[in-house]
file input-v5.cif (mmCIF, N, CA, C and O atoms and all ligand atoms)
data_coords
#
loop_
_atom_site.label_atom_id
_atom_site.label_comp_id
_atom_site.auth_asym_id
_atom_site.auth_seq_id
_atom_site.Cartn_x
_atom_site.Cartn_y
_atom_site.Cartn_z
N MET A 920 89.35 78.43 98.21
CA MET A 920 88.43 79.49 97.79
C MET A 920 88.38 80.60 98.83
O MET A 920 88.16 80.34 100.01
N LYS A 921 88.57 81.80 98.37
CA LYS A 921 88.51 82.94 99.28
C LYS A 921 87.20 83.69 99.12
O LYS A 921 87.07 84.80 99.58
N THR A 922 86.23 83.09 98.42
CA THR A 922 84.98 83.81 98.22
C THR A 922 84.21 83.87 99.53
O THR A 922 84.40 83.07 100.44
N LYS A 923 83.34 84.83 99.59
CA LYS A 923 82.64 85.16 100.82
C LYS A 923 81.25 84.56 100.85
O LYS A 923 80.67 84.21 99.83
N ARG A 924 80.70 84.50 102.04
CA ARG A 924 79.32 84.09 102.21
C ARG A 924 78.40 85.23 101.75
O ARG A 924 78.74 86.40 101.91
N VAL A 925 77.25 84.86 101.19
CA VAL A 925 76.30 85.86 100.70
C VAL A 925 75.09 85.91 101.64
O VAL A 925 74.53 84.88 101.99
N TYR A 926 74.71 87.10 102.04
CA TYR A 926 73.52 87.30 102.87
C TYR A 926 72.40 87.78 101.97
O TYR A 926 72.47 88.87 101.40
N VAL A 927 71.37 86.95 101.81
CA VAL A 927 70.28 87.26 100.89
C VAL A 927 69.10 87.89 101.62
O VAL A 927 68.64 87.35 102.65
N PHE A 928 68.63 89.00 101.10
CA PHE A 928 67.46 89.69 101.65
C PHE A 928 66.44 89.89 100.54
O PHE A 928 66.80 89.95 99.37
N LYS A 929 65.16 90.00 100.93
CA LYS A 929 64.13 90.22 99.91
C LYS A 929 64.31 91.58 99.26
O LYS A 929 64.10 91.76 98.08
N ARG A 930 64.65 92.56 100.06
CA ARG A 930 64.82 93.92 99.53
C ARG A 930 66.09 94.52 100.08
O ARG A 930 66.46 94.27 101.23
N LEU A 931 66.73 95.32 99.26
CA LEU A 931 67.90 96.07 99.70
C LEU A 931 67.77 97.49 99.14
O LEU A 931 67.18 97.67 98.08
N PRO A 932 68.28 98.47 99.85
CA PRO A 932 68.18 99.84 99.34
C PRO A 932 69.18 100.11 98.21
O PRO A 932 70.15 100.83 98.37
N LEU A 933 68.94 99.46 97.08
CA LEU A 933 69.83 99.58 95.92
C LEU A 933 69.02 100.04 94.71
O LEU A 933 67.80 99.90 94.68
N ARG A 934 69.72 100.54 93.71
CA ARG A 934 69.06 100.82 92.45
C ARG A 934 68.44 99.52 91.93
O ARG A 934 68.94 98.44 92.18
N LYS A 935 67.37 99.64 91.16
CA LYS A 935 66.64 98.45 90.70
C LYS A 935 67.49 97.48 89.89
O LYS A 935 67.27 96.29 89.92
N ASP A 936 68.42 98.02 89.13
CA ASP A 936 69.23 97.14 88.28
C ASP A 936 70.44 96.57 89.03
O ASP A 936 71.24 95.85 88.45
N TYR A 937 70.55 96.87 90.31
CA TYR A 937 71.62 96.29 91.12
C TYR A 937 71.03 95.18 91.98
O TYR A 937 69.96 95.34 92.55
N TYR A 938 71.71 94.08 92.06
CA TYR A 938 71.16 92.97 92.83
C TYR A 938 72.06 92.55 93.98
O TYR A 938 71.69 91.74 94.81
N ALA A 939 73.25 93.10 94.05
CA ALA A 939 74.17 92.71 95.12
C ALA A 939 75.10 93.87 95.44
O ALA A 939 75.37 94.73 94.60
N ILE A 940 75.59 93.86 96.67
CA ILE A 940 76.57 94.87 97.07
C ILE A 940 77.50 94.25 98.11
O ILE A 940 77.08 93.38 98.89
N CYS A 941 78.73 94.69 98.07
CA CYS A 941 79.71 94.24 99.05
C CYS A 941 80.02 95.43 99.96
O CYS A 941 80.45 96.48 99.47
N LEU A 942 79.75 95.28 101.23
CA LEU A 942 80.00 96.34 102.21
C LEU A 942 80.82 95.79 103.36
O LEU A 942 80.40 94.83 104.02
N PHE A 943 81.97 96.39 103.58
CA PHE A 943 82.81 96.01 104.72
C PHE A 943 83.09 94.51 104.76
O PHE A 943 83.13 93.90 105.82
N GLY A 944 83.27 93.93 103.59
CA GLY A 944 83.61 92.51 103.53
C GLY A 944 82.42 91.56 103.57
O GLY A 944 82.58 90.36 103.46
N PHE A 945 81.22 92.12 103.72
CA PHE A 945 80.01 91.29 103.71
C PHE A 945 79.29 91.49 102.38
O PHE A 945 79.21 92.60 101.88
N ILE A 946 78.77 90.39 101.82
CA ILE A 946 78.06 90.48 100.55
C ILE A 946 76.56 90.35 100.81
O ILE A 946 76.11 89.37 101.40
N PHE A 947 75.81 91.35 100.36
CA PHE A 947 74.36 91.34 100.50
C PHE A 947 73.75 91.25 99.11
O PHE A 947 74.25 91.87 98.17
N SER A 948 72.66 90.49 99.00
CA SER A 948 72.06 90.29 97.69
C SER A 948 70.56 90.12 97.82
O SER A 948 70.06 89.77 98.89
N VAL A 949 69.85 90.39 96.71
CA VAL A 949 68.40 90.20 96.72
C VAL A 949 68.02 88.82 96.19
O VAL A 949 66.85 88.47 96.14
N ARG A 950 69.03 88.05 95.78
CA ARG A 950 68.75 86.68 95.31
C ARG A 950 70.05 85.89 95.43
O ARG A 950 71.12 86.48 95.56
N PRO A 951 69.94 84.56 95.43
CA PRO A 951 71.17 83.77 95.46
C PRO A 951 72.05 84.14 94.25
O PRO A 951 71.53 84.43 93.18
N LEU A 952 73.35 84.14 94.45
CA LEU A 952 74.27 84.54 93.39
C LEU A 952 74.96 83.34 92.77
O LEU A 952 75.17 82.32 93.43
N SER A 953 75.33 83.48 91.51
CA SER A 953 76.13 82.45 90.84
C SER A 953 77.54 82.51 91.42
O SER A 953 77.93 83.50 92.06
N GLN A 954 78.31 81.49 91.17
CA GLN A 954 79.70 81.46 91.65
C GLN A 954 80.49 82.64 91.12
O GLN A 954 81.32 83.22 91.82
N ILE A 955 80.24 82.98 89.87
CA ILE A 955 80.95 84.11 89.25
C ILE A 955 80.56 85.42 89.93
O ILE A 955 81.41 86.26 90.21
N GLU A 956 79.28 85.57 90.23
CA GLU A 956 78.82 86.79 90.91
C GLU A 956 79.41 86.88 92.32
O GLU A 956 79.80 87.96 92.77
N VAL A 957 79.47 85.74 93.01
CA VAL A 957 80.07 85.74 94.36
C VAL A 957 81.54 86.10 94.24
O VAL A 957 82.07 86.87 95.05
N ASN A 958 82.19 85.57 93.22
CA ASN A 958 83.61 85.88 93.01
C ASN A 958 83.80 87.38 92.75
O ASN A 958 84.71 88.00 93.31
N HIS A 959 82.95 87.95 91.94
CA HIS A 959 83.01 89.39 91.65
C HIS A 959 82.91 90.20 92.96
O HIS A 959 83.75 91.06 93.22
N GLU A 960 81.93 89.88 93.76
CA GLU A 960 81.76 90.63 95.02
C GLU A 960 82.91 90.34 95.99
O GLU A 960 83.31 91.22 96.75
N SER A 961 83.43 89.14 95.96
CA SER A 961 84.56 88.79 96.84
C SER A 961 85.82 89.56 96.44
O SER A 961 86.65 89.89 97.31
N ILE A 962 85.97 89.83 95.15
CA ILE A 962 87.10 90.66 94.70
C ILE A 962 86.95 92.06 95.29
O ILE A 962 87.90 92.65 95.79
N HIS A 963 85.71 92.58 95.30
CA HIS A 963 85.48 93.88 95.94
C HIS A 963 85.80 93.81 97.44
O HIS A 963 86.32 94.77 98.01
N ALA A 964 85.50 92.69 98.06
CA ALA A 964 85.80 92.54 99.49
C ALA A 964 87.31 92.65 99.72
O ALA A 964 87.76 93.31 100.66
N ALA A 965 88.10 92.04 98.83
CA ALA A 965 89.56 92.11 98.94
C ALA A 965 90.05 93.54 98.73
O ALA A 965 90.92 94.03 99.46
N GLN A 966 89.46 94.23 97.75
CA GLN A 966 89.85 95.62 97.48
C GLN A 966 89.52 96.51 98.68
O GLN A 966 90.33 97.35 99.09
N GLN A 967 88.35 96.30 99.24
CA GLN A 967 87.92 97.13 100.37
C GLN A 967 88.82 96.94 101.58
O GLN A 967 89.19 97.90 102.25
N LYS A 968 89.18 95.69 101.82
CA LYS A 968 90.06 95.39 102.96
C LYS A 968 91.41 96.09 102.78
O LYS A 968 91.96 96.65 103.73
N GLU A 969 91.94 96.05 101.55
CA GLU A 969 93.24 96.69 101.28
C GLU A 969 93.19 98.19 101.51
O GLU A 969 94.17 98.80 101.93
N LEU A 970 92.05 98.80 101.22
CA LEU A 970 91.93 100.26 101.39
C LEU A 970 91.29 100.61 102.73
O LEU A 970 90.90 101.77 102.94
N LEU A 971 91.18 99.63 103.60
CA LEU A 971 90.63 99.86 104.94
C LEU A 971 89.19 100.40 104.89
O LEU A 971 88.81 101.28 105.66
N TYR A 972 88.42 99.88 103.94
CA TYR A 972 86.97 100.08 103.82
C TYR A 972 86.53 101.50 103.49
O TYR A 972 86.18 101.77 102.35
N ILE A 973 86.51 102.42 104.44
CA ILE A 973 85.94 103.74 104.16
C ILE A 973 86.65 104.43 102.99
O ILE A 973 85.97 104.94 102.08
N PRO A 974 87.99 104.45 102.94
CA PRO A 974 88.65 105.08 101.78
C PRO A 974 88.24 104.43 100.45
O PRO A 974 88.18 105.11 99.42
N PHE A 975 87.95 103.14 100.47
CA PHE A 975 87.49 102.47 99.24
C PHE A 975 86.24 103.15 98.71
O PHE A 975 86.16 103.47 97.53
N PHE A 976 85.26 103.37 99.58
CA PHE A 976 83.99 103.95 99.12
C PHE A 976 84.16 105.39 98.67
O PHE A 976 83.52 105.83 97.71
N ILE A 977 85.04 106.13 99.33
CA ILE A 977 85.32 107.51 98.92
C ILE A 977 85.97 107.51 97.54
O ILE A 977 85.54 108.22 96.62
N TRP A 978 87.00 106.68 97.38
CA TRP A 978 87.71 106.55 96.10
C TRP A 978 86.74 106.12 95.00
O TRP A 978 86.70 106.69 93.90
N TYR A 979 85.93 105.10 95.30
CA TYR A 979 84.96 104.57 94.34
C TYR A 979 84.02 105.68 93.88
O TYR A 979 83.77 105.86 92.69
N GLY A 980 83.50 106.44 94.83
CA GLY A 980 82.55 107.50 94.52
C GLY A 980 83.19 108.62 93.70
O GLY A 980 82.60 109.09 92.72
N ILE A 981 84.38 109.03 94.09
CA ILE A 981 85.07 110.11 93.37
C ILE A 981 85.42 109.65 91.96
O ILE A 981 85.22 110.38 90.98
N GLU A 982 85.91 108.41 91.84
CA GLU A 982 86.28 107.93 90.51
C GLU A 982 85.06 107.84 89.60
O GLU A 982 85.13 108.18 88.43
N TRP A 983 83.94 107.37 90.16
CA TRP A 983 82.71 107.32 89.36
C TRP A 983 82.33 108.71 88.88
O TRP A 983 81.98 108.91 87.71
N LEU A 984 82.41 109.70 89.79
CA LEU A 984 82.03 111.06 89.45
C LEU A 984 82.92 111.63 88.34
O LEU A 984 82.43 112.24 87.38
N VAL A 985 84.23 111.42 88.46
CA VAL A 985 85.17 111.90 87.45
C VAL A 985 84.87 111.24 86.09
O VAL A 985 84.83 111.90 85.05
N LEU A 986 84.64 109.93 86.13
CA LEU A 986 84.35 109.20 84.89
C LEU A 986 83.00 109.61 84.32
O LEU A 986 82.81 109.66 83.09
N TYR A 987 82.06 109.91 85.19
CA TYR A 987 80.74 110.34 84.73
C TYR A 987 80.86 111.69 84.01
O TYR A 987 80.23 111.91 82.97
N MET A 988 81.68 112.59 84.57
CA MET A 988 81.87 113.88 83.92
C MET A 988 82.57 113.70 82.57
O MET A 988 82.31 114.42 81.61
N LYS A 989 83.44 112.69 82.50
CA LYS A 989 84.17 112.41 81.26
C LYS A 989 83.25 111.83 80.19
O LYS A 989 83.23 112.27 79.05
N TYR A 990 82.46 110.81 80.59
CA TYR A 990 81.66 110.08 79.61
C TYR A 990 80.21 110.56 79.51
O TYR A 990 79.52 110.24 78.55
N ARG A 991 79.71 111.26 80.53
CA ARG A 991 78.30 111.68 80.59
C ARG A 991 77.37 110.47 80.45
O ARG A 991 76.34 110.52 79.79
N ASP A 992 77.80 109.38 81.06
CA ASP A 992 77.04 108.13 80.95
C ASP A 992 77.30 107.34 82.23
O ASP A 992 78.42 106.87 82.47
N ALA A 993 76.27 107.19 83.06
CA ALA A 993 76.43 106.58 84.38
C ALA A 993 76.90 105.12 84.30
O ALA A 993 77.76 104.70 85.06
N THR A 994 76.34 104.39 83.35
CA THR A 994 76.70 102.97 83.22
C THR A 994 78.13 102.81 82.72
O THR A 994 78.89 101.99 83.24
N LYS A 995 78.48 103.62 81.74
CA LYS A 995 79.85 103.56 81.20
C LYS A 995 80.85 103.95 82.29
O LYS A 995 81.91 103.32 82.43
N ALA A 996 80.50 104.97 83.07
CA ALA A 996 81.37 105.39 84.17
C ALA A 996 81.57 104.25 85.15
O ALA A 996 82.69 103.93 85.57
N TYR A 997 80.48 103.58 85.49
CA TYR A 997 80.53 102.44 86.43
C TYR A 997 81.48 101.36 85.92
O TYR A 997 82.34 100.87 86.67
N PHE A 998 81.36 100.99 84.66
CA PHE A 998 82.20 99.89 84.15
C PHE A 998 83.68 100.28 84.05
O PHE A 998 84.53 99.41 83.95
N HIS A 999 83.97 101.58 84.07
CA HIS A 999 85.36 102.03 83.98
C HIS A 999 86.01 102.32 85.32
O HIS A 999 87.20 102.66 85.38
N ILE A 1000 85.25 102.21 86.40
CA ILE A 1000 85.87 102.38 87.73
C ILE A 1000 86.90 101.26 87.88
O ILE A 1000 86.62 100.11 87.56
N ARG A 1001 88.10 101.60 88.35
CA ARG A 1001 89.18 100.59 88.39
C ARG A 1001 88.81 99.34 89.20
O ARG A 1001 89.21 98.24 88.87
N PHE A 1002 88.01 99.53 90.23
CA PHE A 1002 87.61 98.38 91.06
C PHE A 1002 86.68 97.45 90.27
O PHE A 1002 86.75 96.23 90.42
N GLU A 1003 85.81 98.05 89.45
CA GLU A 1003 84.92 97.23 88.63
C GLU A 1003 85.69 96.58 87.48
O GLU A 1003 85.42 95.44 87.12
N GLU A 1004 86.64 97.31 86.93
CA GLU A 1004 87.43 96.73 85.83
C GLU A 1004 88.14 95.47 86.30
O GLU A 1004 88.15 94.45 85.62
N GLU A 1005 88.75 95.54 87.48
CA GLU A 1005 89.43 94.35 88.00
C GLU A 1005 88.43 93.24 88.28
O GLU A 1005 88.65 92.08 87.90
N ALA A 1006 87.31 93.57 88.91
CA ALA A 1006 86.33 92.54 89.27
C ALA A 1006 85.71 91.88 88.04
O ALA A 1006 85.57 90.65 87.99
N TYR A 1007 85.36 92.68 87.02
CA TYR A 1007 84.77 92.08 85.82
C TYR A 1007 85.79 91.29 85.02
O TYR A 1007 85.48 90.23 84.46
N LYS A 1008 87.02 91.77 84.99
CA LYS A 1008 88.06 91.09 84.22
C LYS A 1008 88.34 89.69 84.78
O LYS A 1008 88.63 88.76 84.05
N HIS A 1009 88.26 89.56 86.10
CA HIS A 1009 88.69 88.30 86.74
C HIS A 1009 87.57 87.50 87.39
O HIS A 1009 87.83 86.45 87.98
N GLU A 1010 86.33 87.96 87.30
CA GLU A 1010 85.25 87.29 88.03
C GLU A 1010 85.06 85.83 87.59
O GLU A 1010 84.67 84.99 88.41
N ALA A 1011 85.33 85.52 86.34
CA ALA A 1011 85.12 84.15 85.85
C ALA A 1011 86.24 83.20 86.27
O ALA A 1011 86.11 81.99 86.14
N ASP A 1012 87.33 83.76 86.76
CA ASP A 1012 88.44 82.94 87.24
C ASP A 1012 88.24 82.70 88.74
O ASP A 1012 88.58 83.53 89.57
N LEU A 1013 87.66 81.55 89.06
CA LEU A 1013 87.27 81.30 90.46
C LEU A 1013 88.47 81.09 91.37
O LEU A 1013 88.33 81.06 92.59
N ASN A 1014 89.65 80.95 90.80
CA ASN A 1014 90.87 80.84 91.61
C ASN A 1014 91.62 82.17 91.71
O ASN A 1014 92.68 82.23 92.32
N TYR A 1015 91.05 83.20 91.10
CA TYR A 1015 91.76 84.49 91.04
C TYR A 1015 92.18 84.99 92.42
O TYR A 1015 93.33 85.43 92.61
N LEU A 1016 91.29 84.89 93.39
CA LEU A 1016 91.61 85.45 94.72
C LEU A 1016 92.72 84.68 95.43
O LEU A 1016 93.32 85.19 96.37
N ASN A 1017 92.98 83.46 94.99
CA ASN A 1017 94.07 82.69 95.61
C ASN A 1017 95.45 83.17 95.14
O ASN A 1017 96.44 82.94 95.81
N SER A 1018 95.48 83.79 93.97
CA SER A 1018 96.77 84.21 93.41
C SER A 1018 96.88 85.72 93.22
O SER A 1018 97.91 86.24 92.83
N ARG A 1019 95.79 86.43 93.51
CA ARG A 1019 95.76 87.89 93.29
C ARG A 1019 96.81 88.60 94.14
O ARG A 1019 96.97 88.31 95.31
N ARG A 1020 97.51 89.54 93.50
CA ARG A 1020 98.44 90.38 94.24
C ARG A 1020 97.68 91.52 94.89
O ARG A 1020 96.67 91.99 94.37
N HIS A 1021 98.20 91.99 96.01
CA HIS A 1021 97.57 93.13 96.67
C HIS A 1021 97.58 94.35 95.75
O HIS A 1021 98.49 94.55 94.97
N PHE A 1022 96.56 95.16 95.88
CA PHE A 1022 96.42 96.41 95.12
C PHE A 1022 96.46 96.18 93.61
O PHE A 1022 96.96 97.00 92.86
N SER A 1023 95.87 95.07 93.18
CA SER A 1023 95.84 94.77 91.74
C SER A 1023 94.99 95.76 90.96
O SER A 1023 95.09 95.81 89.74
N PHE A 1024 94.15 96.53 91.65
CA PHE A 1024 93.33 97.51 90.95
C PHE A 1024 94.16 98.70 90.46
O PHE A 1024 93.72 99.48 89.64
N LEU A 1025 95.38 98.84 91.00
CA LEU A 1025 96.28 99.90 90.52
C LEU A 1025 96.94 99.39 89.25
O LEU A 1025 97.49 98.30 89.24
N LYS A 1026 96.86 100.17 88.20
CA LYS A 1026 97.41 99.66 86.94
C LYS A 1026 98.88 100.00 86.80
O LYS A 1026 99.35 100.95 87.35
ZN ZN A 1101 81.37 95.24 91.01
#

call {"tool": "encode", "arguments": {"input": "input-v5.cif", "output": "structure tokens", "more": "lines below"}}
Ligand SMILES: [Zn+2]
result
Amino acid sequence: MKTKRVYVFKRLPLRKDYYAICLFGFIFSVRPLSQIEVNHESIHAAQQKELLYIPFFIWYGIEWLVLYMKYRDATKAYFHIRFEEEAYKHEADLNYLNSRRHFSFLK
């Protein structure tokens, strides 16, 4: 298992409907996470490492903005970010990170 440890805090500076975030390979959450949720965040950890962290967040933000302008819907834009598409598609496969190819978010 390549999933990461989760650091749980009572409060995090996140939107109310967000309960976890992966930053620089660390997973922070406002509650214990299910295995699938940990796997989802661990996939983001792998993506961030591949893009050397800071470029990941820049890319993520720009892609969200472009998709938001396209769809005019923040939630729809979020689900279409390539990093989220990969994470949601494979989060239920708890062995995914053992066989994942590098840069799998590139289609
Ligand atoms: Zn995600």

call {"tool": "atom_distance", "arguments": {"input": "input-v5.cif", "atom1": "atom C of Glu969 (chain A)", "atom2": "atom C of Lys929 (chain A)"}}
result
29.7 Å

call {"tool": "closest_atom_pairs", "arguments": {"input": "input-v5.cif", "of": "chain A", "to": "ligand ZN 1101 (chain A)", "cutoff": "6 Å", "atoms": "only N, CA, C and O atoms and all ligand atoms", "output": "JSON lines"}}
result
{"residue": "A:His959", "atom": "O", "partner": "A:ZN1101", "partner_atom": "ZN", "distance": 5.3}
{"residue": "A:Phe1002", "atom": "O", "partner": "A:ZN1101", "partner_atom": "ZN", "distance": 5.5}
{"residue": "A:Glu1003", "atom": "CA", "partner": "A:ZN1101", "partner_atom": "ZN", "distance": 4.7}
{"residue": "A:Ala1006", "atom": "CA", "partner": "A:ZN1101", "partner_atom": "ZN", "distance": 5.9}

call {"tool": "atom_distance", "arguments": {"input": "input-v5.cif", "atom1": "CA of Arg930 (chain A)", "atom2": "CA of Val949 (chain A)"}}
result
5.9 Å

call {"tool": "select_by_dssp", "arguments": {"input": "input-v5.cif", "residues": "region 939-1009 of chain A", "states": "strand (DSSP E or B)", "output": "list of chain:residue names"}}
result
A:Ala939, A:Ile940, A:Cys941, A:Leu942, A:Phe945, A:Ile946, A:Phe947, A:Ser948

call {"tool": "write_last_selection", "arguments": {"input": "input-v5.cif", "atoms": "N, CA, C and O atoms", "output": "PDB file, keeping the file's coordinate frame"}}
result
ATOM      1  N   ALA A 939      73.250  93.100  94.050  1.00  0.00           N
ATOM      2  CA  ALA A 939      74.170  92.710  95.120  1.00  0.00           C
ATOM      3  C   ALA A 939      75.100  93.870  95.440  1.00  0.00           C
ATOM      4  O   ALA A 939      75.370  94.730  94.600  1.00  0.00           O
ATOM      5  N   ILE A 940      75.590  93.860  96.670  1.00  0.00           N
ATOM      6  CA  ILE A 940      76.570  94.870  97.070  1.00  0.00           C
ATOM      7  C   ILE A 940      77.500  94.250  98.110  1.00  0.00           C
ATOM      8  O   ILE A 940      77.080  93.380  98.890  1.00  0.00           O
ATOM      9  N   CYS A 941      78.730  94.690  98.070  1.00  0.00           N
ATOM     10  CA  CYS A 941      79.710  94.240  99.050  1.00  0.00           C
ATOM     11  C   CYS A 941      80.020  95.430  99.960  1.00  0.00           C
ATOM     12  O   CYS A 941      80.450  96.480  99.470  1.00  0.00           O
ATOM     13  N   LEU A 942      79.750  95.280 101.230  1.00  0.00           N
ATOM     14  CA  LEU A 942      80.000  96.340 102.210  1.00  0.00           C
ATOM     15  C   LEU A 942      80.820  95.790 103.360  1.00  0.00           C
ATOM     16  O   LEU A 942      80.400  94.830 104.020  1.00  0.00           O
ATOM     17  N   PHE A 945      81.220  92.120 103.720  1.00  0.00           N
ATOM     18  CA  PHE A 945      80.010  91.290 103.710  1.00  0.00           C
ATOM     19  C   PHE A 945      79.290  91.490 102.380  1.00  0.00           C
ATOM     20  O   PHE A 945      79.210  92.600 101.880  1.00  0.00           O
ATOM     21  N   ILE A 946      78.770  90.390 101.820  1.00  0.00           N
ATOM     22  CA  ILE A 946      78.060  90.480 100.550  1.00  0.00           C
ATOM     23  C   ILE A 946      76.560  90.350 100.810  1.00  0.00           C
ATOM     24  O   ILE A 946      76.110  89.370 101.400  1.00  0.00           O
ATOM     25  N   PHE A 947      75.810  91.350 100.360  1.00  0.00           N
ATOM     26  CA  PHE A 947      74.360  91.340 100.500  1.00  0.00           C
ATOM     27  C   PHE A 947      73.750  91.250  99.110  1.00  0.00           C
ATOM     28  O   PHE A 947      74.250  91.870  98.170  1.00  0.00           O
ATOM     29  N   SER A 948      72.660  90.490  99.000  1.00  0.00           N
ATOM     30  CA  SER A 948      72.060  90.290  97.690  1.00  0.00           C
ATOM     31  C   SER A 948      70.560  90.120  97.820  1.00  0.00           C
ATOM     32  O   SER A 948      70.060  89.770  98.890  1.00  0.00           O
TER      33      SER A 948
END

call {"tool": "closest_residue", "arguments": {"input": "input-v5.cif", "among": "A:Trp983, A:Phe1022, A:Phe928, A:Phe976", "to": "Phe998 (chain A)", "atoms": "only C-alpha atoms"}}
result
A:Trp983

call {"tool": "residues_around", "arguments": {"input": "input-v5.cif", "residues": "Leu986 (chain A)", "least_positions_apart": "4", "cutoff": "8 Å", "atoms": "all atoms listed in the file", "output": "JSON, numbers by chain"}}
result
{"A": [979, 980, 981, 982, 990, 991, 992, 993, 995, 996, 997, 999, 1000]}

call {"tool": "write_last_selection", "arguments": {"input": "input-v5.cif", "atoms": "N, CA, C and O atoms", "output": "JSON list (two decimals), keeping the file's coordinate frame"}}
result
[["chain", "number", "residue", "atom", "x", "y", "z"],
["A", 979, "TYR", "N", 85.93, 105.10, 95.30],
["A", 979, "TYR", "CA", 84.96, 104.57, 94.34],
["A", 979, "TYR", "C", 84.02, 105.68, 93.88],
["A", 979, "TYR", "O", 83.77, 105.86, 92.69],
["A", 980, "GLY", "N", 83.50, 106.44, 94.83],
["A", 980, "GLY", "CA", 82.55, 107.50, 94.52],
["A", 980, "GLY", "C", 83.19, 108.62, 93.70],
["A", 980, "GLY", "O", 82.60, 109.09, 92.72],
["A", 981, "ILE", "N", 84.38, 109.03, 94.09],
["A", 981, "ILE", "CA", 85.07, 110.11, 93.37],
["A", 981, "ILE", "C", 85.42, 109.65, 91.96],
["A", 981, "ILE", "O", 85.22, 110.38, 90.98],
["A", 982, "GLU", "N", 85.91, 108.41, 91.84],
["A", 982, "GLU", "CA", 86.28, 107.93, 90.51],
["A", 982, "GLU", "C", 85.06, 107.84, 89.60],
["A", 982, "GLU", "O", 85.13, 108.18, 88.43],
["A", 990, "TYR", "N", 82.46, 110.81, 80.59],
["A", 990, "TYR", "CA", 81.66, 110.08, 79.61],
["A", 990, "TYR", "C", 80.21, 110.56, 79.51],
["A", 990, "TYR", "O", 79.52, 110.24, 78.55],
["A", 991, "ARG", "N", 79.71, 111.26, 80.53],
["A", 991, "ARG", "CA", 78.30, 111.68, 80.59],
["A", 991, "ARG", "C", 77.37, 110.47, 80.45],
["A", 991, "ARG", "O", 76.34, 110.52, 79.79],
["A", 992, "ASP", "N", 77.80, 109.38, 81.06],
["A", 992, "ASP", "CA", 77.04, 108.13, 80.95],
["A", 992, "ASP", "C", 77.30, 107.34, 82.23],
["A", 992, "ASP", "O", 78.42, 106.87, 82.47],
["A", 993, "ALA", "N", 76.27, 107.19, 83.06],
["A", 993, "ALA", "CA", 76.43, 106.58, 84.38],
["A", 993, "ALA", "C", 76.90, 105.12, 84.30],
["A", 993, "ALA", "O", 77.76, 104.70, 85.06],
["A", 995, "LYS", "N", 78.48, 103.62, 81.74],
["A", 995, "LYS", "CA", 79.85, 103.56, 81.20],
["A", 995, "LYS", "C", 80.85, 103.95, 82.29],
["A", 995, "LYS", "O", 81.91, 103.32, 82.43],
["A", 996, "ALA", "N", 80.50, 104.97, 83.07],
["A", 996, "ALA", "CA", 81.37, 105.39, 84.17],
["A", 996, "ALA", "C", 81.57, 104.25, 85.15],
["A", 996, "ALA", "O", 82.69, 103.93, 85.57],
["A", 997, "TYR", "N", 80.48, 103.58, 85.49],
["A", 997, "TYR", "CA", 80.53, 102.44, 86.43],
["A", 997, "TYR", "C", 81.48, 101.36, 85.92],
["A", 997, "TYR", "O", 82.34, 100.87, 86.67],
["A", 999, "HIS", "N", 83.97, 101.58, 84.07],
["A", 999, "HIS", "CA", 85.36, 102.03, 83.98],
["A", 999, "HIS", "C", 86.01, 102.32, 85.32],
["A", 999, "HIS", "O", 87.20, 102.66, 85.38],
["A", 1000, "ILE", "N", 85.25, 102.21, 86.40],
["A", 1000, "ILE", "CA", 85.87, 102.38, 87.73],
["A", 1000, "ILE", "C", 86.90, 101.26, 87.88],
["A", 1000, "ILE", "O", 86.62, 100.11, 87.56]]

call {"tool": "atom_distance", "arguments": {"input": "input-v5.cif", "atom1": "CA of Ala1011 (chain A)", "atom2": "CA of Asn958 (chain A)"}}
result
7.5 Å

call {"tool": "residues_around", "arguments": {"input": "input-v5.cif", "residues": "region 954-957 of chain A", "least_positions_apart": "3", "cutoff": "6 Å", "atoms": "all atoms listed in the file", "output": "mmCIF file with N, CA, C and O atoms, in the frame of the given file"}}
result
data_model
loop_
_atom_site.group_PDB
_atom_site.id
_atom_site.type_symbol
_atom_site.label_atom_id
_atom_site.label_comp_id
_atom_site.auth_asym_id
_atom_site.auth_seq_id
_atom_site.Cartn_x
_atom_site.Cartn_y
_atom_site.Cartn_z
ATOM 1 N N THR A 922 86.230 83.090 98.420
ATOM 2 C CA THR A 922 84.980 83.810 98.220
ATOM 3 C C THR A 922 84.210 83.870 99.530
ATOM 4 O O THR A 922 84.400 83.070 100.440
ATOM 5 N N LYS A 923 83.340 84.830 99.590
ATOM 6 C CA LYS A 923 82.640 85.160 100.820
ATOM 7 C C LYS A 923 81.250 84.560 100.850
ATOM 8 O O LYS A 923 80.670 84.210 99.830
ATOM 9 N N GLU A 960 81.930 89.880 93.760
ATOM 10 C CA GLU A 960 81.760 90.630 95.020
ATOM 11 C C GLU A 960 82.910 90.340 95.990
ATOM 12 O O GLU A 960 83.310 91.220 96.750
ATOM 13 N N SER A 961 83.430 89.140 95.960
ATOM 14 C CA SER A 961 84.560 88.790 96.840
ATOM 15 C C SER A 961 85.820 89.560 96.440
ATOM 16 O O SER A 961 86.650 89.890 97.310
ATOM 17 N N ILE A 962 85.970 89.830 95.150
ATOM 18 C CA ILE A 962 87.100 90.660 94.700
ATOM 19 C C ILE A 962 86.950 92.060 95.290
ATOM 20 O O ILE A 962 87.900 92.650 95.790
ATOM 21 N N GLU A 1010 86.330 87.960 87.300
ATOM 22 C CA GLU A 1010 85.250 87.290 88.030
ATOM 23 C C GLU A 1010 85.060 85.830 87.590
ATOM 24 O O GLU A 1010 84.670 84.990 88.410
ATOM 25 N N ALA A 1011 85.330 85.520 86.340
ATOM 26 C CA ALA A 1011 85.120 84.150 85.850
ATOM 27 C C ALA A 1011 86.240 83.200 86.270
ATOM 28 O O ALA A 1011 86.110 81.990 86.140
#

call {"tool": "residues_around", "arguments": {"input": "input-v5.cif", "residues": "Val925 (chain A)", "least_positions_apart": "6", "cutoff": "6 Å", "atoms": "all atoms listed in the file", "output": "list in words"}}
result
Ile946, Phe947 and Ser948 of chain A

call {"tool": "closest_residue", "arguments": {"input": "input-v5.cif", "among": "A:Glu1005, A:Arg934, A:Ala965, A:Lys989", "to": "His1021 (chain A)", "atoms": "all atoms listed in the file"}}
result
A:Ala965
